[in-house]
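Listing of coords38.pdb, PDB, C-alpha atoms
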```
ATOM      1  CA  MET A1331       3.637  16.285 -15.350
ATOM      2  CA  THR A1332       3.215  13.937 -12.367
ATOM      3  CA  ARG A1333       5.979  11.345 -12.125
ATOM      4  CA  GLY A1334       5.778   7.831 -10.794
ATOM      5  CA  VAL A1335       8.268   5.036 -10.229
ATOM      6  CA  MET A1336       7.366   1.598 -11.555
ATOM      7  CA  LEU A1337       8.900  -1.640 -10.249
ATOM      8  CA  MET A1338       9.516  -3.853 -13.295
ATOM      9  CA  SER A1339      10.307  -7.538 -12.954
ATOM     10  CA  GLY A1340      10.363  -8.838 -16.520
ATOM     11  CA  GLY A1341       7.119 -10.741 -15.936
ATOM     12  CA  ILE A1342       3.771 -10.408 -17.690
ATOM     13  CA  ASP A1343       2.132  -7.955 -15.284
ATOM     14  CA  SER A1344       4.524  -5.045 -14.842
ATOM     15  CA  PRO A1345       4.636  -3.902 -18.511
ATOM     16  CA  VAL A1346       0.826  -3.930 -18.547
ATOM     17  CA  ALA A1347       0.717  -1.866 -15.338
ATOM     18  CA  ILE A1348       3.167   0.753 -16.614
ATOM     19  CA  HIS A1349       1.306   0.868 -19.947
ATOM     20  CA  LEU A1350      -1.912   1.767 -18.098
ATOM     21  CA  MET A1351      -0.113   4.593 -16.287
ATOM     22  CA  LEU A1352       1.552   5.899 -19.445
ATOM     23  CA  ARG A1353      -1.795   5.812 -21.231
ATOM     24  CA  GLN A1354      -3.186   8.095 -18.520
ATOM     25  CA  GLY A1355      -0.419  10.583 -19.261
ATOM     26  CA  TYR A1356       1.852   9.970 -16.289
ATOM     27  CA  GLU A1357       5.592  10.300 -16.709
ATOM     28  CA  MET A1358       7.238   7.112 -15.528
ATOM     29  CA  VAL A1359      10.633   6.018 -14.234
ATOM     30  CA  ALA A1360      11.330   2.268 -14.173
ATOM     31  CA  VAL A1361      13.227   0.352 -11.496
ATOM     32  CA  HIS A1362      14.438  -3.221 -11.916
ATOM     33  CA  MET A1363      15.764  -5.058  -8.873
ATOM     34  CA  ASP A1364      18.561  -7.165 -10.310
ATOM     35  CA  ASN A1365      18.349 -10.454  -8.470
ATOM     36  CA  ARG A1366      21.398 -12.139  -9.952
ATOM     37  CA  PRO A1367      22.887 -14.591  -9.020
ATOM     38  CA  PHE A1368      19.530 -15.887  -7.747
ATOM     39  CA  THR A1369      18.213 -15.574 -11.308
ATOM     40  CA  ASP A1370      19.930 -15.493 -14.687
ATOM     41  CA  ASP A1371      20.254 -12.563 -17.101
ATOM     42  CA  SER A1372      16.785 -13.042 -18.548
ATOM     43  CA  PRO A1373      14.707 -10.782 -16.221
ATOM     44  CA  LEU A1374      16.895  -7.759 -16.976
ATOM     45  CA  GLU A1375      16.915  -8.540 -20.718
ATOM     46  CA  LYS A1376      13.127  -8.794 -20.667
ATOM     47  CA  VAL A1377      12.717  -5.453 -18.866
ATOM     48  CA  VAL A1378      15.035  -3.767 -21.368
ATOM     49  CA  ASP A1379      12.962  -5.191 -24.236
ATOM     50  CA  HIS A1380       9.646  -4.263 -22.576
ATOM     51  CA  LEU A1381      10.798  -0.689 -22.171
ATOM     52  CA  GLY A1382      12.016  -0.580 -25.772
ATOM     53  CA  LEU A1383       8.449  -1.266 -26.912
ATOM     54  CA  LEU A1384       6.860   1.138 -24.448
ATOM     55  CA  ARG A1385       9.293   3.975 -25.161
ATOM     56  CA  ALA A1386       8.518   3.688 -28.860
ATOM     57  CA  ARG A1387       4.779   3.533 -28.231
ATOM     58  CA  TYR A1388       4.576   6.517 -25.891
ATOM     59  CA  GLY A1389       7.557   8.624 -26.979
ATOM     60  CA  GLN A1390       8.777   8.852 -23.375
ATOM     61  CA  PRO A1391      12.382   8.249 -22.328
ATOM     62  CA  ILE A1392      11.328   6.069 -19.302
ATOM     63  CA  PRO A1393      14.756   5.880 -17.597
ATOM     64  CA  LEU A1394      15.530   2.443 -16.164
ATOM     65  CA  TYR A1395      17.355   2.123 -12.839
ATOM     66  CA  VAL A1396      18.931  -1.300 -12.411
ATOM     67  CA  VAL A1397      19.444  -1.830  -8.682
ATOM     68  CA  PRO A1398      21.685  -4.711  -7.552
ATOM     69  CA  HIS A1399      19.634  -6.869  -5.209
ATOM     70  CA  GLY A1400      21.548 -10.169  -5.117
ATOM     71  CA  SER A1401      23.737  -9.232  -2.165
ATOM     72  CA  THR A1402      20.665  -8.089  -0.206
ATOM     73  CA  GLN A1403      19.043 -11.412  -0.970
ATOM     74  CA  THR A1404      22.119 -13.235   0.304
ATOM     75  CA  THR A1405      22.072 -11.194   3.513
ATOM     76  CA  LEU A1406      18.383 -11.930   4.033
ATOM     77  CA  MET A1407      18.903 -15.650   3.501
ATOM     78  CA  ARG A1408      21.874 -15.797   5.823
ATOM     79  CA  THR A1409      20.368 -13.695   8.601
ATOM     80  CA  THR A1410      16.563 -13.877   8.701
ATOM     81  CA  ASP A1411      13.726 -16.398   8.864
ATOM     82  CA  ARG A1412      13.379 -17.981   5.410
ATOM     83  CA  HIS A1413       9.625 -18.327   5.852
ATOM     84  CA  VAL A1414       9.113 -14.548   5.513
ATOM     85  CA  GLY A1415      11.881 -14.045   2.955
ATOM     86  CA  CYS A1416       9.566 -12.875   0.162
ATOM     87  CA  VAL A1417       8.010 -10.174   2.332
ATOM     88  CA  LEU A1418      11.400  -8.937   3.522
ATOM     89  CA  CYS A1419      12.672  -8.954  -0.056
ATOM     90  CA  ARG A1420       9.681  -6.866  -1.182
ATOM     91  CA  ARG A1421      10.273  -4.369   1.616
ATOM     92  CA  PHE A1422      13.803  -3.779   0.343
ATOM     93  CA  MET A1423      12.519  -3.395  -3.197
ATOM     94  CA  TRP A1424       9.975  -0.801  -2.092
ATOM     95  CA  ARG A1425      12.553   1.122  -0.106
ATOM     96  CA  SER A1426      14.926   1.230  -3.071
ATOM     97  CA  ALA A1427      12.106   2.397  -5.330
ATOM     98  CA  GLU A1428      11.159   5.108  -2.857
ATOM     99  CA  ARG A1429      14.740   6.302  -2.620
ATOM    100  CA  ILE A1430      14.877   6.569  -6.419
ATOM    101  CA  ALA A1431      11.506   8.344  -6.435
ATOM    102  CA  GLU A1432      12.960  10.981  -4.088
ATOM    103  CA  ARG A1433      15.934  11.407  -6.413
ATOM    104  CA  GLU A1434      13.706  11.654  -9.504
ATOM    105  CA  GLY A1435      11.084  13.943  -7.968
ATOM    106  CA  ALA A1436       8.407  11.253  -8.309
ATOM    107  CA  SER A1437       5.372  11.354  -6.053
ATOM    108  CA  PHE A1438       4.060   7.785  -6.180
ATOM    109  CA  LEU A1439       5.110   4.174  -6.699
ATOM    110  CA  VAL A1440       3.500   1.640  -9.038
ATOM    111  CA  THR A1441       3.489  -2.142  -9.064
ATOM    112  CA  GLY A1442       1.965  -4.845 -11.237
ATOM    113  CA  GLU A1443       0.674  -6.811  -8.254
ATOM    114  CA  ALA A1444      -2.714  -8.463  -8.514
ATOM    115  CA  LEU A1445      -4.336 -10.182  -5.572
ATOM    116  CA  GLY A1446      -3.717 -13.857  -5.055
ATOM    117  CA  GLN A1447      -1.706 -14.637  -8.196
ATOM    118  CA  VAL A1448       1.226 -16.068  -6.274
ATOM    119  CA  ALA A1449       1.498 -17.263  -2.696
ATOM    120  CA  SER A1450       3.207 -14.098  -1.519
ATOM    121  CA  GLN A1451       0.618 -11.702  -3.023
ATOM    122  CA  THR A1452      -1.914 -11.724  -0.190
ATOM    123  CA  LEU A1453      -3.408  -8.700   1.532
ATOM    124  CA  SER A1454      -1.436  -9.262   4.738
ATOM    125  CA  ASN A1455       1.822  -9.668   2.817
ATOM    126  CA  MET A1456       1.152  -6.569   0.723
ATOM    127  CA  HIS A1457       0.442  -4.631   3.914
ATOM    128  CA  SER A1458       3.627  -5.897   5.577
ATOM    129  CA  ALA A1459       5.706  -5.121   2.501
ATOM    130  CA  THR A1460       4.399  -1.644   1.826
ATOM    131  CA  ALA A1461       4.492  -0.542   5.464
ATOM    132  CA  SER A1462       8.187   0.066   4.730
ATOM    133  CA  VAL A1463       7.507   3.159   2.581
ATOM    134  CA  ARG A1464       5.640   6.445   2.887
ATOM    135  CA  LEU A1465       4.822   7.290  -0.736
ATOM    136  CA  PRO A1466       1.427   6.242  -2.085
ATOM    137  CA  ILE A1467       1.390   2.982  -4.039
ATOM    138  CA  VAL A1468      -0.710   2.537  -7.161
ATOM    139  CA  ARG A1469      -1.702  -0.985  -8.284
ATOM    140  CA  PRO A1470      -3.441  -0.629 -11.646
ATOM    141  CA  LEU A1471      -3.944  -4.403 -11.961
ATOM    142  CA  ILE A1472      -5.250  -5.179  -8.494
ATOM    143  CA  GLY A1473      -8.690  -6.321  -9.672
ATOM    144  CA  PHE A1474      -7.607  -7.898 -12.958
ATOM    145  CA  ASP A1475      -7.556 -11.643 -13.448
ATOM    146  CA  LYS A1476      -4.680 -13.322 -15.255
ATOM    147  CA  GLN A1477      -6.545 -13.714 -18.548
ATOM    148  CA  GLU A1478      -7.337 -10.009 -18.695
ATOM    149  CA  ILE A1479      -3.717  -9.076 -18.021
ATOM    150  CA  GLU A1480      -2.447 -11.527 -20.644
ATOM    151  CA  ALA A1481      -4.882 -10.173 -23.229
ATOM    152  CA  VAL A1482      -3.517  -6.637 -22.769
ATOM    153  CA  ALA A1483       0.078  -7.937 -22.789
ATOM    154  CA  LYS A1484      -0.516  -9.729 -26.106
ATOM    155  CA  GLU A1485      -2.028  -6.605 -27.622
ATOM    156  CA  LEU A1486       0.971  -4.563 -26.390
ATOM    157  CA  GLY A1487       3.484  -7.084 -27.712
ATOM    158  CA  THR A1488       5.096  -7.629 -24.323
ATOM    159  CA  TYR A1489       3.646 -11.092 -23.691
ATOM    160  CA  GLY A1490       6.095 -12.880 -25.972
ATOM    161  CA  ILE A1491       9.013 -11.185 -24.236
ATOM    162  CA  SER A1492       7.744 -12.010 -20.738
ATOM    163  CA  THR A1493       7.258 -15.691 -21.528
ATOM    164  CA  ARG A1494      10.744 -16.290 -22.912
ATOM    165  CA  PRO A1495      12.664 -18.961 -20.963
ATOM    166  CA  GLY A1496      14.393 -17.865 -17.775
ATOM    167  CA  VAL A1497      15.530 -19.121 -14.386
ATOM    168  CA  CYS A1498      12.966 -18.474 -11.624
ATOM    169  CA  CYS A1499      14.118 -16.733  -8.435
ATOM    170  CA  GLN A1500      16.083 -19.336  -6.488
ATOM    171  CA  ALA A1501      15.668 -17.450  -3.224
ATOM    172  CA  VAL A1502      11.935 -18.185  -2.953
ATOM    173  CA  PRO A1503      11.465 -20.555   0.007
ATOM    174  CA  ASP A1504       9.636 -23.852  -0.434
ATOM    175  CA  LYS A1505       6.778 -22.608   1.727
ATOM    176  CA  PRO A1506       6.597 -18.796   1.675
ATOM    177  CA  ALA A1507       4.466 -17.131   4.344
ATOM    178  CA  THR A1508       1.010 -16.200   3.090
ATOM    179  CA  ARG A1509      -0.077 -14.421   6.295
ATOM    180  CA  SER A1510       2.770 -12.327   7.500
ATOM    181  CA  ASN A1511       2.813 -10.518  10.787
ATOM    182  CA  LEU A1512       4.311  -7.039  10.698
ATOM    183  CA  VAL A1513       5.628  -7.376  14.261
ATOM    184  CA  GLN A1514       7.615 -10.451  13.246
ATOM    185  CA  ILE A1515       8.831  -8.737  10.074
ATOM    186  CA  LEU A1516      10.093  -5.750  12.064
ATOM    187  CA  ARG A1517      11.813  -8.096  14.526
ATOM    188  CA  GLU A1518      13.606  -9.797  11.643
ATOM    189  CA  GLU A1519      14.722  -6.443  10.262
ATOM    190  CA  GLU A1520      16.273  -5.541  13.598
ATOM    191  CA  LEU A1521      18.916  -8.111  12.671
ATOM    192  CA  LEU A1522      19.898  -6.012   9.649
ATOM    193  CA  ASP A1523      21.403  -2.604   8.945
ATOM    194  CA  VAL A1524      18.529  -1.618   6.694
ATOM    195  CA  ASP A1525      19.668   1.926   5.860
ATOM    196  CA  GLN A1526      23.174   0.778   4.997
ATOM    197  CA  ILE A1527      21.845  -1.949   2.701
ATOM    198  CA  ILE A1528      19.562   0.466   0.851
ATOM    199  CA  ASP A1529      22.303   3.110   0.609
ATOM    200  CA  ASP A1530      24.675   0.555  -0.942
ATOM    201  CA  CYS A1531      22.149  -0.789  -3.433
ATOM    202  CA  VAL A1532      20.933   2.588  -4.658
ATOM    203  CA  ARG A1533      24.484   3.943  -4.858
ATOM    204  CA  LYS A1534      25.499   1.007  -7.046
ATOM    205  CA  SER A1535      22.453   1.253  -9.313
ATOM    206  CA  VAL A1536      22.987   2.053 -12.991
ATOM    207  CA  ILE A1537      20.670   3.919 -15.335
ATOM    208  CA  LEU A1538      19.934   2.412 -18.766
TER     209      LEU A1538
ATOM    210  CA  MET B1118      21.184 -41.547  -7.590
ATOM    211  CA  TYR B1119      20.444 -38.449  -9.629
ATOM    212  CA  ARG B1120      17.551 -38.428 -12.078
ATOM    213  CA  ARG B1121      18.222 -37.418 -15.651
ATOM    214  CA  LEU B1122      18.886 -33.724 -16.220
ATOM    215  CA  ARG B1123      15.750 -31.914 -17.268
ATOM    216  CA  LEU B1124      14.704 -28.370 -18.078
ATOM    217  CA  CYS B1125      13.460 -26.456 -15.028
ATOM    218  CA  SER B1126       9.869 -25.205 -14.797
ATOM    219  CA  ASN B1127      10.519 -21.942 -16.628
ATOM    220  CA  ASN B1128      12.804 -23.588 -19.206
ATOM    221  CA  GLY B1129      15.679 -21.318 -18.214
ATOM    222  CA  GLY B1130      18.125 -23.979 -17.038
ATOM    223  CA  TYR B1131      18.733 -27.658 -16.456
ATOM    224  CA  GLU B1132      18.205 -29.224 -13.072
ATOM    225  CA  ALA B1133      19.510 -32.426 -11.547
ATOM    226  CA  ILE B1134      17.476 -33.855  -8.665
ATOM    227  CA  PRO B1135      18.709 -36.692  -6.452
ATOM    228  CA  ASP B1136      16.257 -39.425  -5.483
ATOM    229  CA  PRO B1137      16.202 -39.790  -2.518
ATOM    230  CA  PRO B1138      17.229 -36.248  -1.521
ATOM    231  CA  LEU B1139      20.735 -35.805  -0.102
ATOM    232  CA  ARG B1140      21.808 -33.868   2.962
ATOM    233  CA  LEU B1141      24.802 -31.986   1.663
ATOM    234  CA  ASP B1142      27.114 -30.228   4.083
ATOM    235  CA  LEU B1143      27.258 -26.922   2.261
ATOM    236  CA  ARG B1144      30.188 -25.662   4.343
ATOM    237  CA  VAL B1145      32.271 -28.584   3.148
ATOM    238  CA  ALA B1146      31.016 -28.154  -0.414
ATOM    239  CA  ARG B1147      31.925 -24.482  -0.332
ATOM    240  CA  SER B1148      35.464 -25.134   0.868
ATOM    241  CA  VAL B1149      35.980 -27.848  -1.785
ATOM    242  CA  LEU B1150      34.782 -25.535  -4.542
ATOM    243  CA  GLU B1151      36.891 -22.641  -3.319
ATOM    244  CA  ARG B1152      39.945 -24.927  -3.229
ATOM    245  CA  GLU B1153      39.246 -25.568  -6.910
ATOM    246  CA  GLY B1154      39.339 -21.808  -7.511
ATOM    247  CA  ILE B1155      35.573 -21.445  -7.929
ATOM    248  CA  ALA B1156      33.949 -18.298  -6.497
ATOM    249  CA  VAL B1157      30.973 -19.190  -4.300
ATOM    250  CA  VAL B1158      28.050 -17.160  -2.941
ATOM    251  CA  ASP B1159      27.011 -18.772   0.338
ATOM    252  CA  ALA B1160      23.342 -18.102   1.101
ATOM    253  CA  ARG B1161      23.318 -20.583   4.019
ATOM    254  CA  VAL B1162      20.632 -22.882   2.568
ATOM    255  CA  MET B1163      22.176 -22.886  -0.892
ATOM    256  CA  LEU B1164      25.411 -22.151  -2.681
ATOM    257  CA  ILE B1165      25.771 -20.423  -6.018
ATOM    258  CA  ALA B1166      29.015 -21.433  -7.663
ATOM    259  CA  ALA B1167      30.605 -19.567 -10.559
ATOM    260  CA  THR B1168      31.300 -22.697 -12.557
ATOM    261  CA  ASP B1169      30.701 -22.635 -16.300
ATOM    262  CA  PRO B1170      27.718 -22.556 -16.414
ATOM    263  CA  GLU B1171      26.830 -21.106 -13.011
ATOM    264  CA  VAL B1172      25.121 -23.592 -10.698
ATOM    265  CA  THR B1173      22.870 -23.360  -7.639
ATOM    266  CA  ILE B1174      23.490 -26.147  -5.125
ATOM    267  CA  SER B1175      20.764 -26.820  -2.559
ATOM    268  CA  GLN B1176      21.148 -28.703   0.719
ATOM    269  CA  SER B1177      18.908 -31.439  -0.718
ATOM    270  CA  GLY B1178      21.450 -31.944  -3.508
ATOM    271  CA  ARG B1179      19.293 -30.298  -6.177
ATOM    272  CA  LEU B1180      21.516 -28.658  -8.778
ATOM    273  CA  LEU B1181      20.330 -25.960 -11.162
ATOM    274  CA  PHE B1182      22.620 -25.154 -14.086
ATOM    275  CA  LYS B1183      21.958 -21.730 -15.604
ATOM    276  CA  THR B1184      22.204 -22.765 -19.222
ATOM    277  CA  ARG B1185      19.878 -23.963 -21.917
ATOM    278  CA  ASP B1186      22.658 -26.073 -23.421
ATOM    279  CA  PRO B1187      22.210 -29.664 -22.203
ATOM    280  CA  ALA B1188      25.806 -30.598 -23.080
ATOM    281  CA  ALA B1189      27.173 -27.738 -20.970
ATOM    282  CA  ALA B1190      24.943 -28.796 -18.083
ATOM    283  CA  GLU B1191      26.151 -32.417 -18.422
ATOM    284  CA  ARG B1192      29.788 -31.292 -18.364
ATOM    285  CA  ALA B1193      29.262 -29.164 -15.271
ATOM    286  CA  PHE B1194      27.360 -31.991 -13.577
ATOM    287  CA  GLY B1195      30.274 -34.373 -14.162
ATOM    288  CA  GLN B1196      32.725 -31.847 -12.739
ATOM    289  CA  LEU B1197      30.605 -31.281  -9.595
ATOM    290  CA  GLN B1198      30.113 -35.010  -9.192
ATOM    291  CA  ARG B1199      33.877 -35.472  -8.991
ATOM    292  CA  TRP B1200      34.570 -32.483  -6.761
ATOM    293  CA  LEU B1201      31.705 -33.081  -4.297
ATOM    294  CA  ASP B1202      31.632 -36.881  -4.495
ATOM    295  CA  LEU B1203      27.991 -36.864  -5.573
ATOM    296  CA  PRO B1204      26.105 -40.048  -6.493
ATOM    297  CA  GLY B1205      25.758 -41.107 -10.122
ATOM    298  CA  ARG B1206      23.016 -40.310 -12.546
ATOM    299  CA  GLU B1207      20.452 -42.709 -13.959
ATOM    300  CA  PRO B1208      21.396 -43.717 -17.508
ATOM    301  CA  ASP B1209      20.011 -41.661 -20.363
ATOM    302  CA  GLU B1210      18.016 -44.070 -22.513
ATOM    303  CA  ARG B1211      18.207 -41.736 -25.475
ATOM    304  CA  ILE B1212      21.954 -42.190 -25.822
ATOM    305  CA  PRO B1213      22.701 -45.579 -27.438
ATOM    306  CA  ARG B1214      25.619 -47.613 -26.110
ATOM    307  CA  ARG B1215      28.538 -48.137 -28.437
ATOM    308  CA  GLY B1216      27.591 -50.869 -30.889
ATOM    309  CA  GLY B1217      24.025 -50.912 -29.567
ATOM    310  CA  ILE B1218      20.814 -50.281 -31.372
ATOM    311  CA  ALA B1219      19.610 -46.684 -31.446
TER     312      ALA B1219
END
```

Output the structure of this file as structure tokens.
Amino acid sequence: MTRGVMLMSGGIDSPVAIHLMLRQGYEMVAVHMDNRPFTDDSPLEKVVDHLGLLRARYGQPIPLYVVPHGSTQTTLMRTTDRHVGCVLCRRFMWRSAERIAEREGASFLVTGEALGQVASQTLSNMHSATASVRLPIVRPLIGFDKQEIEAVAKELGTYGISTRPGVCCQAVPDKPATRSNLVQILREEELLDVDQIIDDCVRKSVIL
Amino acid sequence: MYRRLRLCSNNGGYEAIPDPPLRLDLRVARSVLEREGIAVVDARVMLIAATDPEVTISQSGRLLFKTRDPAAAERAFGQLQRWLDLPGREPDERIPRRGGIA
């Protein structure tokens, strides 16, 4: 069976995206980038509850890798241009997911991104973020509007979990870049030891 | 002066916002907190202090307490106010003064 790795945030979209993949018969592995202390415990709790529902529905184990991402976030904030922080953050998430895909024998990555829902989800930002990985990326929700995604989430039972109270990511800059430039992104990353950061995060990840 | 504490946009914590914004020296704030034995994550434009409850301190003076318990947020606010010499908070009209009319 073909395996994929799904990035799960605890929000409304990612459980719908993984549901669509599971429904097609794909075997999925979940990855949650644990952004504490820039968030609270709620995103991880939501992902655990989302997967509880989906495991029961599809009879799949869906292993969950929890990857510590807070220290990466701190490094990014201390070292790089805040304006492009969301794109840099996404690039580290993708790299971690790809590393876990290699470990799990997965051949593609999946995300719940839909175009234009938040400032950072623009075509140029998606391009800049995903240029960091080689595996193909599947976006089952790319053409969905918010109402369609919410309707599926309510039917699945994940909507109520996603909308529980929680602290938003505190690392999001006041004015995130909406048109990122890959040359600038790469220049920012030259300030960092990217491989070392990814090695550390993936090594410290735990499987739930 | 700080506005009244209020739930943040996603209802996950209480925030205190100064009006007008402050210009906190986060290096000084960090050293004060660490002298008090509080662990601090220094993200350059903000600090995250392991008070109870945990708090994010922005350069503008915005404080975000990671709790849904307003009393815990009030307690932590008072503690930070003393440690960091922050301005006072506008009075909460919902709390009657002693001997006053509720």

Counting all atoms listed in the file, chain A residues within 6 Å of chain B, as a PyMOL selection string: chain A and resi 1404+1407-1408+1495-1497

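Taking only C-alpha atoms into account, Leu1139 of chain B lies nearest to B:Asp1202 out of the set B:Glu1191, B:Asp1169, B:Glu1153, B:Asp1202.
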
Around the point (25.7, -32.3, -19.5) in the file's coordinates, collect all residues with an atom within 6 Å, using all atoms listed in the file, and return them as a VMD selection string. chain B and resid 1187 to 1192

Residues as selected, C-alpha atoms, written as a short mmCIF file (atom, residue, chain, number, x, y, z; two decimals), in the coordinates of the input, can you do that?
```cif
data_model
loop_
_atom_site.label_atom_id
_atom_site.label_comp_id
_atom_site.auth_asym_id
_atom_site.auth_seq_id
_atom_site.Cartn_x
_atom_site.Cartn_y
_atom_site.Cartn_z
CA PRO B 1187 22.21 -29.66 -22.20
CA ALA B 1188 25.81 -30.60 -23.08
CA ALA B 1189 27.17 -27.74 -20.97
CA ALA B 1190 24.94 -28.80 -18.08
CA GLU B 1191 26.15 -32.42 -18.42
CA ARG B 1192 29.79 -31.29 -18.36
#
```

Taking the file as shown, find all residues satisfying the PyMOL selection byres ((chain B and resi 1133-1138) around 10) and write them as a short mmCIF file (atom, residue, chain, number, x, y, z; two decimals) with C-alpha atoms, in the coordinates of the input.
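Wrote part32.cif, looks like this:
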```
data_model
loop_
_atom_site.label_atom_id
_atom_site.label_comp_id
_atom_site.auth_asym_id
_atom_site.auth_seq_id
_atom_site.Cartn_x
_atom_site.Cartn_y
_atom_site.Cartn_z
CA MET B 1118 21.18 -41.55 -7.59
CA TYR B 1119 20.44 -38.45 -9.63
CA ARG B 1120 17.55 -38.43 -12.08
CA ARG B 1121 18.22 -37.42 -15.65
CA LEU B 1122 18.89 -33.72 -16.22
CA ARG B 1123 15.75 -31.91 -17.27
CA LEU B 1124 14.70 -28.37 -18.08
CA CYS B 1125 13.46 -26.46 -15.03
CA TYR B 1131 18.73 -27.66 -16.46
CA GLU B 1132 18.20 -29.22 -13.07
CA LEU B 1139 20.74 -35.80 -0.10
CA ARG B 1140 21.81 -33.87 2.96
CA LEU B 1141 24.80 -31.99 1.66
CA ILE B 1174 23.49 -26.15 -5.12
CA SER B 1175 20.76 -26.82 -2.56
CA GLN B 1176 21.15 -28.70 0.72
CA SER B 1177 18.91 -31.44 -0.72
CA GLY B 1178 21.45 -31.94 -3.51
CA ARG B 1179 19.29 -30.30 -6.18
CA LEU B 1180 21.52 -28.66 -8.78
CA LEU B 1181 20.33 -25.96 -11.16
CA PHE B 1182 22.62 -25.15 -14.09
CA ALA B 1190 24.94 -28.80 -18.08
CA GLU B 1191 26.15 -32.42 -18.42
CA PHE B 1194 27.36 -31.99 -13.58
CA LEU B 1203 27.99 -36.86 -5.57
CA PRO B 1204 26.10 -40.05 -6.49
CA GLY B 1205 25.76 -41.11 -10.12
CA ARG B 1206 23.02 -40.31 -12.55
CA GLU B 1207 20.45 -42.71 -13.96
#
```

Evaluate the PyMOL selection byres ((chain A and resi 1465) around 8) and record the selected residues as a ChimeraX atom specification, following the chain and residue labels used in the document. /A:1428,1437-1439,1463-1464,1466-1467

Test item: the PyMOL selection byres ((chain A and resi 1440) around 10) resolved as a ChimeraX atom specification: /A:1334-1338,1344,1347-1348,1351,1358-1360,1424,1427,1438-1439,1441-1443,1466-1470

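Across the model, the gap from atom CA of Asp1529 of chain A to atom CA of Gly1341 of chain A is 26.4 Å.
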
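Put simply, atom CA of Gly1487 of chain A is 25.7 Å away from atom CA of Arg1366 of chain A.
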
Got a minute to add N, CA and C atoms to segment 1130-1142 of chain B and dump it as a PDB file, in the coordinates of the input?
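This is the output file out.pdb:
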```pdb
ATOM      1  N   GLY B1130      16.903 -23.255 -17.391  1.00  0.00           N
ATOM      2  CA  GLY B1130      18.125 -23.979 -17.038  1.00  0.00           C
ATOM      3  C   GLY B1130      17.832 -25.451 -16.869  1.00  0.00           C
ATOM      4  N   TYR B1131      18.896 -26.214 -16.676  1.00  0.00           N
ATOM      5  CA  TYR B1131      18.733 -27.658 -16.456  1.00  0.00           C
ATOM      6  C   TYR B1131      18.919 -27.963 -14.982  1.00  0.00           C
ATOM      7  N   GLU B1132      18.059 -28.864 -14.470  1.00  0.00           N
ATOM      8  CA  GLU B1132      18.205 -29.224 -13.072  1.00  0.00           C
ATOM      9  C   GLU B1132      18.461 -30.718 -12.931  1.00  0.00           C
ATOM     10  N   ALA B1133      19.234 -31.040 -11.906  1.00  0.00           N
ATOM     11  CA  ALA B1133      19.510 -32.426 -11.547  1.00  0.00           C
ATOM     12  C   ALA B1133      18.987 -32.629 -10.135  1.00  0.00           C
ATOM     13  N   ILE B1134      18.124 -33.623  -9.964  1.00  0.00           N
ATOM     14  CA  ILE B1134      17.476 -33.855  -8.665  1.00  0.00           C
ATOM     15  C   ILE B1134      17.812 -35.261  -8.182  1.00  0.00           C
ATOM     16  N   PRO B1135      18.394 -35.366  -6.973  1.00  0.00           N
ATOM     17  CA  PRO B1135      18.709 -36.692  -6.452  1.00  0.00           C
ATOM     18  C   PRO B1135      17.473 -37.367  -5.859  1.00  0.00           C
ATOM     19  N   ASP B1136      17.369 -38.658  -6.037  1.00  0.00           N
ATOM     20  CA  ASP B1136      16.257 -39.425  -5.483  1.00  0.00           C
ATOM     21  C   ASP B1136      16.838 -40.666  -4.810  1.00  0.00           C
ATOM     22  N   PRO B1137      16.812 -40.737  -3.458  1.00  0.00           N
ATOM     23  CA  PRO B1137      16.202 -39.790  -2.518  1.00  0.00           C
ATOM     24  C   PRO B1137      17.056 -38.540  -2.359  1.00  0.00           C
ATOM     25  N   PRO B1138      16.455 -37.480  -1.731  1.00  0.00           N
ATOM     26  CA  PRO B1138      17.229 -36.248  -1.521  1.00  0.00           C
ATOM     27  C   PRO B1138      18.470 -36.511  -0.679  1.00  0.00           C
ATOM     28  N   LEU B1139      19.495 -35.694  -0.886  1.00  0.00           N
ATOM     29  CA  LEU B1139      20.735 -35.805  -0.102  1.00  0.00           C
ATOM     30  C   LEU B1139      20.665 -34.835   1.080  1.00  0.00           C
ATOM     31  N   ARG B1140      21.637 -34.903   1.937  1.00  0.00           N
ATOM     32  CA  ARG B1140      21.808 -33.868   2.962  1.00  0.00           C
ATOM     33  C   ARG B1140      23.248 -33.375   2.844  1.00  0.00           C
ATOM     34  N   LEU B1141      23.441 -32.467   1.919  1.00  0.00           N
ATOM     35  CA  LEU B1141      24.802 -31.986   1.663  1.00  0.00           C
ATOM     36  C   LEU B1141      25.253 -31.071   2.796  1.00  0.00           C
ATOM     37  N   ASP B1142      26.516 -31.194   3.169  1.00  0.00           N
ATOM     38  CA  ASP B1142      27.114 -30.228   4.083  1.00  0.00           C
ATOM     39  C   ASP B1142      27.652 -29.090   3.216  1.00  0.00           C
TER      40      ASP B1142
END
```
